[in-house]
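J.: Below is one structure. I have some questions about it.
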Amino acid sequence: MKALKKIYLDNAATTPVDPVVSAKMRPYFSQKYGNASSVHQLGEEARRAVEAARRQTANFLGCLSEEVYFTSGATESDNWAIGGVAEKMASRGIKKPHLITSAIEHKAVLEPCQVLEKKGWAELTVLPVNKDGLVEVKELEKSIRKDTVLVSVMFANSEIGTIQPIKEIGQLLKKLNAGRKEKIYFHTDAVQAINYLSCKVDELGVDLLSLSGHKIYGPKGVGVLYLRKGTAISPLIRGGGHERGMRSGTENVAGIVGLGEAIKRISPARGAQVKKLRNKLITGILKDIPDVILNGSLRERLPNNAHFSFAGAEGESVVFVLSRKGVFTSTGSACASHSLSPSHVLSAIGLAPEQSHISVRFTLGKQTTAAEIDYVLRILPPIIERLRKIAGYKSVKVRPRY
Ligand code: PLP
């Protein structure tokens, strides 16, 4: 029997570990298994490996090694950035520090902000986005207050791939901070951006930045929070004082080694190659399937993201049928896929709940080939046609946005 094709187009959910990365990690499980805090030789070996990965990460971000803190992933980094700054500022006498974020953030940012607000420990402004999913810098400027302590806006969105004007926001905050007693810190969740966009922290003007190992062909369960020197922040996880007292817990040495290697292997060529194939996918779908909308911005978009609404075809069904044919896609963010409620990102760009339920996300990766895209373009139109027939869909002549 012919083996089923495996075409992985869900790279925003996670990526396969690069074989070079896993080879680098392997010795740190059973041979070089020391605790990085131990003083003996095995401990020193582990410690050196952790510090090498810290330097690799710092090199990528254009920051100092001591500004890189390893965590268990971006969820922890985001929670720490928000909770840590709010707690520190409250301890400095700002009663209810004011936080600003956007309506299309990952839940790892939105939820900690909302919890702080609910508990009465912070005040929160959630900025709307325009129909492309972009934060308007003017809106952000209007929402700044005397007691604003943190702005958290993601670099690129995990569902619709929209790239936010991070540099512009960084410049605005730099200007506003000039005359202030307490700085407004700027955090960005760069998880989805890191493969394709320059993340030099000084160019962006960010003080805190989150990233995750498993989105960059590295392992799961490891991430980073970049903290600009002097950032006022309390630890989130307290205990044995690891990571210079800021993030306790025995270091995940193998994971950290993997993250360092994965980040070292990111190259600007990755984006150009992926973009060509993604454009082929978008053009092919819009040409061959009627009543389709491409969601998000055409210009300010990650090179690997294509997100569509197929009128009359339920997204879950499209994903299911494609999966039976060996093509792996998603209806949206992997973390939200257990929920039946419409995506908060799609609601924020103005999609009605029923439009949210007809959407499918394709996210390409460095391993995607032209032959794989050709295959998807061949099998997708009849799948959509069949699902529409089953649903009794009658064309309403959806006007394409692009
Ligand atoms: N932030 C964004 C934008 C993401 O896409 C994800 C993962 O889906 C996360 C945060 C959470 O990252 P992790 O899985 O490392 O906790």
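Each chain in the structure tokens gets a letter, A, B and so on, in the order shown; residues start at 1 in every chain, and ligands are counted from 1 in the order they appear.
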Could I get the residue neighbourhood of ligand 1 at 6 Å, counting only C-alpha atoms and all ligand atoms, as a list in words?
T.: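 I would give the residues around ligand 1 as Ala13, Gly73, Ala74, Thr75, His106, Ala108, Asn157, Ser158, Asp189, Val191, Gln192, Ser212 and Cys335 of chain A.
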J.: Could the residues in this selection be saved with N, CA, C and O atoms as a PDB file, in the first residue's frame?
T.:
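The result, stored in out_24.pdb:
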ATOM      1  N   ALA A  13       1.727  26.311  14.666  1.00  0.00           N
ATOM      2  CA  ALA A  13       1.387  25.569  15.889  1.00  0.00           C
ATOM      3  C   ALA A  13       2.654  25.009  16.517  1.00  0.00           C
ATOM      4  O   ALA A  13       2.894  25.144  17.720  1.00  0.00           O
ATOM      5  N   GLY A  73       8.947  28.238  28.200  1.00  0.00           N
ATOM      6  CA  GLY A  73       8.244  28.479  26.932  1.00  0.00           C
ATOM      7  C   GLY A  73       7.693  29.890  26.917  1.00  0.00           C
ATOM      8  O   GLY A  73       7.800  30.636  27.911  1.00  0.00           O
ATOM      9  N   ALA A  74       7.074  30.248  25.811  1.00  0.00           N
ATOM     10  CA  ALA A  74       6.609  31.630  25.668  1.00  0.00           C
ATOM     11  C   ALA A  74       5.406  31.928  26.568  1.00  0.00           C
ATOM     12  O   ALA A  74       5.199  33.078  26.955  1.00  0.00           O
ATOM     13  N   THR A  75       4.620  30.916  26.897  1.00  0.00           N
ATOM     14  CA  THR A  75       3.492  31.166  27.804  1.00  0.00           C
ATOM     15  C   THR A  75       4.025  31.695  29.136  1.00  0.00           C
ATOM     16  O   THR A  75       3.514  32.683  29.683  1.00  0.00           O
ATOM     17  N   HIS A 106      -1.954  36.835  21.807  1.00  0.00           N
ATOM     18  CA  HIS A 106      -2.113  35.441  22.216  1.00  0.00           C
ATOM     19  C   HIS A 106      -2.712  35.425  23.626  1.00  0.00           C
ATOM     20  O   HIS A 106      -2.496  36.358  24.413  1.00  0.00           O
ATOM     21  N   ALA A 108      -1.777  33.934  26.077  1.00  0.00           N
ATOM     22  CA  ALA A 108      -0.720  33.961  27.096  1.00  0.00           C
ATOM     23  C   ALA A 108      -0.401  35.390  27.533  1.00  0.00           C
ATOM     24  O   ALA A 108       0.213  35.594  28.582  1.00  0.00           O
ATOM     25  N   ASN A 157       1.067  38.056  14.433  1.00  0.00           N
ATOM     26  CA  ASN A 157      -0.059  37.287  14.946  1.00  0.00           C
ATOM     27  C   ASN A 157      -0.011  35.823  14.512  1.00  0.00           C
ATOM     28  O   ASN A 157       0.300  35.523  13.357  1.00  0.00           O
ATOM     29  N   SER A 158      -0.384  34.935  15.439  1.00  0.00           N
ATOM     30  CA  SER A 158      -0.279  33.498  15.143  1.00  0.00           C
ATOM     31  C   SER A 158      -1.386  33.006  14.213  1.00  0.00           C
ATOM     32  O   SER A 158      -1.216  32.015  13.523  1.00  0.00           O
ATOM     33  N   ASP A 189       5.617  39.936  22.175  1.00  0.00           N
ATOM     34  CA  ASP A 189       5.633  38.487  22.012  1.00  0.00           C
ATOM     35  C   ASP A 189       6.082  38.252  20.570  1.00  0.00           C
ATOM     36  O   ASP A 189       5.341  38.512  19.623  1.00  0.00           O
ATOM     37  N   VAL A 191       7.099  35.354  19.263  1.00  0.00           N
ATOM     38  CA  VAL A 191       7.106  33.909  18.983  1.00  0.00           C
ATOM     39  C   VAL A 191       6.977  33.595  17.494  1.00  0.00           C
ATOM     40  O   VAL A 191       7.722  32.789  16.949  1.00  0.00           O
ATOM     41  N   GLN A 192       6.030  34.226  16.825  1.00  0.00           N
ATOM     42  CA  GLN A 192       5.768  33.893  15.425  1.00  0.00           C
ATOM     43  C   GLN A 192       6.683  34.666  14.474  1.00  0.00           C
ATOM     44  O   GLN A 192       6.838  34.294  13.318  1.00  0.00           O
ATOM     45  N   SER A 212       9.951  31.280  21.831  1.00  0.00           N
ATOM     46  CA  SER A 212       9.703  29.879  22.185  1.00  0.00           C
ATOM     47  C   SER A 212      10.533  28.955  21.303  1.00  0.00           C
ATOM     48  O   SER A 212      10.674  29.202  20.095  1.00  0.00           O
ATOM     49  N   CYS A 335      -3.690  26.651  20.427  1.00  0.00           N
ATOM     50  CA  CYS A 335      -4.078  26.747  21.834  1.00  0.00           C
ATOM     51  C   CYS A 335      -5.570  27.005  21.977  1.00  0.00           C
ATOM     52  O   CYS A 335      -6.166  26.746  23.004  1.00  0.00           O
TER      53      CYS A 335
END
J.: Excluding Thr125 in chain A and residues on its chain fewer than 6 positions from it, collect all residues at most 10 Å away from it, counting only C-alpha atoms, and give them as JSON, numbers by chain.
T.: {"A": [98, 99, 100, 101, 102, 103, 113, 114, 117, 140, 143, 144, 148, 151]}
J.: When you look at Ser248 in chain A with a cut-off of 7 Å (counting only C-alpha atoms), what residues show up, excluding the ones that are within fewer than 5 positions of it in the same chain? I need them as a VMD selection string.
T.: chain A and resid 237 to 243
J.: Can you list, as number ranges by chain, every protein, DNA or RNA residue that comes within 9 Å of range 77-86 of chain A when you count only C-alpha atoms, leaving out same-chain residues fewer than 6 positions away?
T.: A: 69-71, 96-99, 108-109, 111-113, 116, 121-122, 149-150, 152, 185, 187-189, 208-212, 223-227, 231-237
J.: Determine, counting only C-alpha atoms, which protein, DNA and RNA residues have an atom within 10 Å of an atom of range 269-284 of chain A; residues of the same chain fewer than 5 positions away are not included. Present the result as a PDB file with N, CA, C and O atoms, in the first residue's frame.
T.:
ATOM      1  N   ASN A 195      11.265  33.537  13.227  1.00  0.00           N
ATOM      2  CA  ASN A 195      11.774  32.808  12.056  1.00  0.00           C
ATOM      3  C   ASN A 195      12.055  33.722  10.875  1.00  0.00           C
ATOM      4  O   ASN A 195      12.869  33.399  10.022  1.00  0.00           O
ATOM      5  N   TYR A 196      11.309  34.817  10.788  1.00  0.00           N
ATOM      6  CA  TYR A 196      11.297  35.571   9.531  1.00  0.00           C
ATOM      7  C   TYR A 196      11.656  37.049   9.640  1.00  0.00           C
ATOM      8  O   TYR A 196      11.914  37.681   8.632  1.00  0.00           O
ATOM      9  N   LEU A 197      11.608  37.616  10.841  1.00  0.00           N
ATOM     10  CA  LEU A 197      11.830  39.065  10.960  1.00  0.00           C
ATOM     11  C   LEU A 197      13.015  39.350  11.876  1.00  0.00           C
ATOM     12  O   LEU A 197      13.242  38.595  12.824  1.00  0.00           O
ATOM     13  N   ILE A 289     -10.908  28.587  -6.453  1.00  0.00           N
ATOM     14  CA  ILE A 289     -12.060  28.355  -5.566  1.00  0.00           C
ATOM     15  C   ILE A 289     -12.872  29.651  -5.463  1.00  0.00           C
ATOM     16  O   ILE A 289     -12.333  30.690  -5.062  1.00  0.00           O
ATOM     17  N   LEU A 294      -9.299  36.028   1.784  1.00  0.00           N
ATOM     18  CA  LEU A 294      -8.020  35.944   2.484  1.00  0.00           C
ATOM     19  C   LEU A 294      -8.087  36.923   3.653  1.00  0.00           C
ATOM     20  O   LEU A 294      -8.299  38.112   3.442  1.00  0.00           O
ATOM     21  N   LEU A 302       3.282  37.837   7.763  1.00  0.00           N
ATOM     22  CA  LEU A 302       4.387  36.876   7.812  1.00  0.00           C
ATOM     23  C   LEU A 302       4.464  36.125   6.494  1.00  0.00           C
ATOM     24  O   LEU A 302       3.420  35.765   5.919  1.00  0.00           O
ATOM     25  N   PRO A 303       5.665  35.820   6.001  1.00  0.00           N
ATOM     26  CA  PRO A 303       5.788  35.177   4.684  1.00  0.00           C
ATOM     27  C   PRO A 303       5.246  33.754   4.633  1.00  0.00           C
ATOM     28  O   PRO A 303       5.072  33.208   3.544  1.00  0.00           O
ATOM     29  N   ASN A 304       4.977  33.152   5.776  1.00  0.00           N
ATOM     30  CA  ASN A 304       4.544  31.736   5.751  1.00  0.00           C
ATOM     31  C   ASN A 304       3.048  31.567   6.019  1.00  0.00           C
ATOM     32  O   ASN A 304       2.566  30.445   6.098  1.00  0.00           O
ATOM     33  N   ASN A 305       2.330  32.682   6.184  1.00  0.00           N
ATOM     34  CA  ASN A 305       0.925  32.572   6.622  1.00  0.00           C
ATOM     35  C   ASN A 305      -0.068  32.836   5.487  1.00  0.00           C
ATOM     36  O   ASN A 305       0.065  33.793   4.728  1.00  0.00           O
ATOM     37  N   ALA A 306      -1.076  31.954   5.403  1.00  0.00           N
ATOM     38  CA  ALA A 306      -2.227  32.181   4.511  1.00  0.00           C
ATOM     39  C   ALA A 306      -3.464  31.743   5.298  1.00  0.00           C
ATOM     40  O   ALA A 306      -3.519  30.602   5.766  1.00  0.00           O
ATOM     41  N   HIS A 307      -4.408  32.644   5.460  1.00  0.00           N
ATOM     42  CA  HIS A 307      -5.578  32.356   6.306  1.00  0.00           C
ATOM     43  C   HIS A 307      -6.837  32.715   5.526  1.00  0.00           C
ATOM     44  O   HIS A 307      -7.031  33.872   5.138  1.00  0.00           O
ATOM     45  N   PHE A 308      -7.678  31.719   5.284  1.00  0.00           N
ATOM     46  CA  PHE A 308      -8.836  31.924   4.410  1.00  0.00           C
ATOM     47  C   PHE A 308     -10.156  31.658   5.117  1.00  0.00           C
ATOM     48  O   PHE A 308     -10.228  30.830   6.030  1.00  0.00           O
ATOM     49  N   PHE A 362      -3.244  28.052   6.856  1.00  0.00           N
ATOM     50  CA  PHE A 362      -2.130  27.283   6.289  1.00  0.00           C
ATOM     51  C   PHE A 362      -0.856  28.014   6.700  1.00  0.00           C
ATOM     52  O   PHE A 362      -0.702  29.190   6.376  1.00  0.00           O
ATOM     53  N   THR A 363       0.041  27.342   7.427  1.00  0.00           N
ATOM     54  CA  THR A 363       1.318  27.991   7.749  1.00  0.00           C
ATOM     55  C   THR A 363       2.462  27.097   7.266  1.00  0.00           C
ATOM     56  O   THR A 363       2.623  25.979   7.732  1.00  0.00           O
ATOM     57  N   LEU A 364       3.198  27.639   6.293  1.00  0.00           N
ATOM     58  CA  LEU A 364       4.265  26.879   5.657  1.00  0.00           C
ATOM     59  C   LEU A 364       5.517  26.902   6.533  1.00  0.00           C
ATOM     60  O   LEU A 364       5.602  27.701   7.474  1.00  0.00           O
ATOM     61  N   GLY A 365       6.468  26.040   6.180  1.00  0.00           N
ATOM     62  CA  GLY A 365       7.719  26.001   6.936  1.00  0.00           C
ATOM     63  C   GLY A 365       8.894  25.846   5.999  1.00  0.00           C
ATOM     64  O   GLY A 365       8.723  25.766   4.773  1.00  0.00           O
ATOM     65  N   LYS A 366      10.090  25.787   6.593  1.00  0.00           N
ATOM     66  CA  LYS A 366      11.288  25.721   5.736  1.00  0.00           C
ATOM     67  C   LYS A 366      11.357  24.407   4.980  1.00  0.00           C
ATOM     68  O   LYS A 366      12.083  24.287   3.999  1.00  0.00           O
ATOM     69  N   GLN A 367      10.580  23.405   5.424  1.00  0.00           N
ATOM     70  CA  GLN A 367      10.599  22.099   4.762  1.00  0.00           C
ATOM     71  C   GLN A 367       9.554  21.990   3.646  1.00  0.00           C
ATOM     72  O   GLN A 367       9.514  21.004   2.915  1.00  0.00           O
ATOM     73  N   THR A 368       8.696  23.007   3.499  1.00  0.00           N
ATOM     74  CA  THR A 368       7.615  22.945   2.497  1.00  0.00           C
ATOM     75  C   THR A 368       8.206  22.997   1.081  1.00  0.00           C
ATOM     76  O   THR A 368       9.125  23.763   0.814  1.00  0.00           O
ATOM     77  N   THR A 369       7.628  22.168   0.177  1.00  0.00           N
ATOM     78  CA  THR A 369       8.140  22.152  -1.204  1.00  0.00           C
ATOM     79  C   THR A 369       7.050  22.613  -2.180  1.00  0.00           C
ATOM     80  O   THR A 369       5.846  22.591  -1.858  1.00  0.00           O
ATOM     81  N   ALA A 370       7.489  22.948  -3.409  1.00  0.00           N
ATOM     82  CA  ALA A 370       6.541  23.369  -4.448  1.00  0.00           C
ATOM     83  C   ALA A 370       5.599  22.211  -4.798  1.00  0.00           C
ATOM     84  O   ALA A 370       4.404  22.425  -5.046  1.00  0.00           O
ATOM     85  N   ALA A 371       6.117  20.984  -4.785  1.00  0.00           N
ATOM     86  CA  ALA A 371       5.290  19.814  -5.113  1.00  0.00           C
ATOM     87  C   ALA A 371       4.161  19.663  -4.072  1.00  0.00           C
ATOM     88  O   ALA A 371       3.035  19.291  -4.415  1.00  0.00           O
ATOM     89  N   GLU A 372       4.457  19.978  -2.827  1.00  0.00           N
ATOM     90  CA  GLU A 372       3.428  19.889  -1.775  1.00  0.00           C
ATOM     91  C   GLU A 372       2.322  20.926  -2.004  1.00  0.00           C
ATOM     92  O   GLU A 372       1.138  20.629  -1.853  1.00  0.00           O
ATOM     93  N   ILE A 373       2.734  22.121  -2.408  1.00  0.00           N
ATOM     94  CA  ILE A 373       1.738  23.168  -2.662  1.00  0.00           C
ATOM     95  C   ILE A 373       0.886  22.780  -3.876  1.00  0.00           C
ATOM     96  O   ILE A 373      -0.346  22.931  -3.864  1.00  0.00           O
ATOM     97  N   ASP A 374       1.528  22.225  -4.909  1.00  0.00           N
ATOM     98  CA  ASP A 374       0.783  21.767  -6.096  1.00  0.00           C
ATOM     99  C   ASP A 374      -0.264  20.734  -5.690  1.00  0.00           C
ATOM    100  O   ASP A 374      -1.406  20.767  -6.155  1.00  0.00           O
ATOM    101  N   VAL A 376      -1.715  20.320  -2.761  1.00  0.00           N
ATOM    102  CA  VAL A 376      -2.816  20.965  -2.015  1.00  0.00           C
ATOM    103  C   VAL A 376      -3.746  21.685  -2.995  1.00  0.00           C
ATOM    104  O   VAL A 376      -4.978  21.590  -2.879  1.00  0.00           O
ATOM    105  N   LEU A 377      -3.152  22.359  -3.972  1.00  0.00           N
ATOM    106  CA  LEU A 377      -3.977  23.109  -4.933  1.00  0.00           C
ATOM    107  C   LEU A 377      -4.809  22.159  -5.804  1.00  0.00           C
ATOM    108  O   LEU A 377      -5.865  22.540  -6.300  1.00  0.00           O
ATOM    109  N   ARG A 378      -4.334  20.934  -5.945  1.00  0.00           N
ATOM    110  CA  ARG A 378      -5.098  19.952  -6.729  1.00  0.00           C
ATOM    111  C   ARG A 378      -6.270  19.389  -5.927  1.00  0.00           C
ATOM    112  O   ARG A 378      -7.366  19.249  -6.425  1.00  0.00           O
ATOM    113  N   PRO A 381      -9.802  22.257  -4.175  1.00  0.00           N
ATOM    114  CA  PRO A 381     -11.076  22.712  -4.784  1.00  0.00           C
ATOM    115  C   PRO A 381     -12.199  21.667  -4.724  1.00  0.00           C
ATOM    116  O   PRO A 381     -13.325  22.012  -4.315  1.00  0.00           O
TER     117      PRO A 381
END
J.: Would you mind reading off the distance between CA of Lys174 in chain A and CA of Thr162 in chain A, one decimal, in Å?
T.: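 Spanning CA of Lys174 in chain A to CA of Thr162 in chain A is a straight-line distance of 23.5 Å.
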J.: Mind the document's chain letters and residue numbers, and return as a list in words the residues of range 3-43 of chain A that DSSP labels helix (DSSP H, G or I).
T.: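 These are the residues in question: Pro19, Val20, Val21, Ser22, Ala23, Lys24, Met25, Pro27, Tyr28, Phe29, Ser30, Gln41, Leu42 and Gly43 of chain A.
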J.: If you take only C-alpha atoms and a cut-off of 6 Å, which residues of range 226-261 of chain A touch range 22-36 of chain A, and what are their nearest atom pairs and distances in Å to one decimal, in chain and number order, as CSV?
T.:
residue,atom,partner,partner_atom,distance
A:Ala254,CA,A:Met25,CA,4.9
A:Val257,CA,A:Met25,CA,6.0
A:Gly258,CA,A:Met25,CA,5.5
J.: Quick one, how far is CA of Val20 in chain A from CA of Ser38 in chain A?
T.: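 One can read the CA of Val20 in chain A to CA of Ser38 in chain A distance as 27.6 Å.
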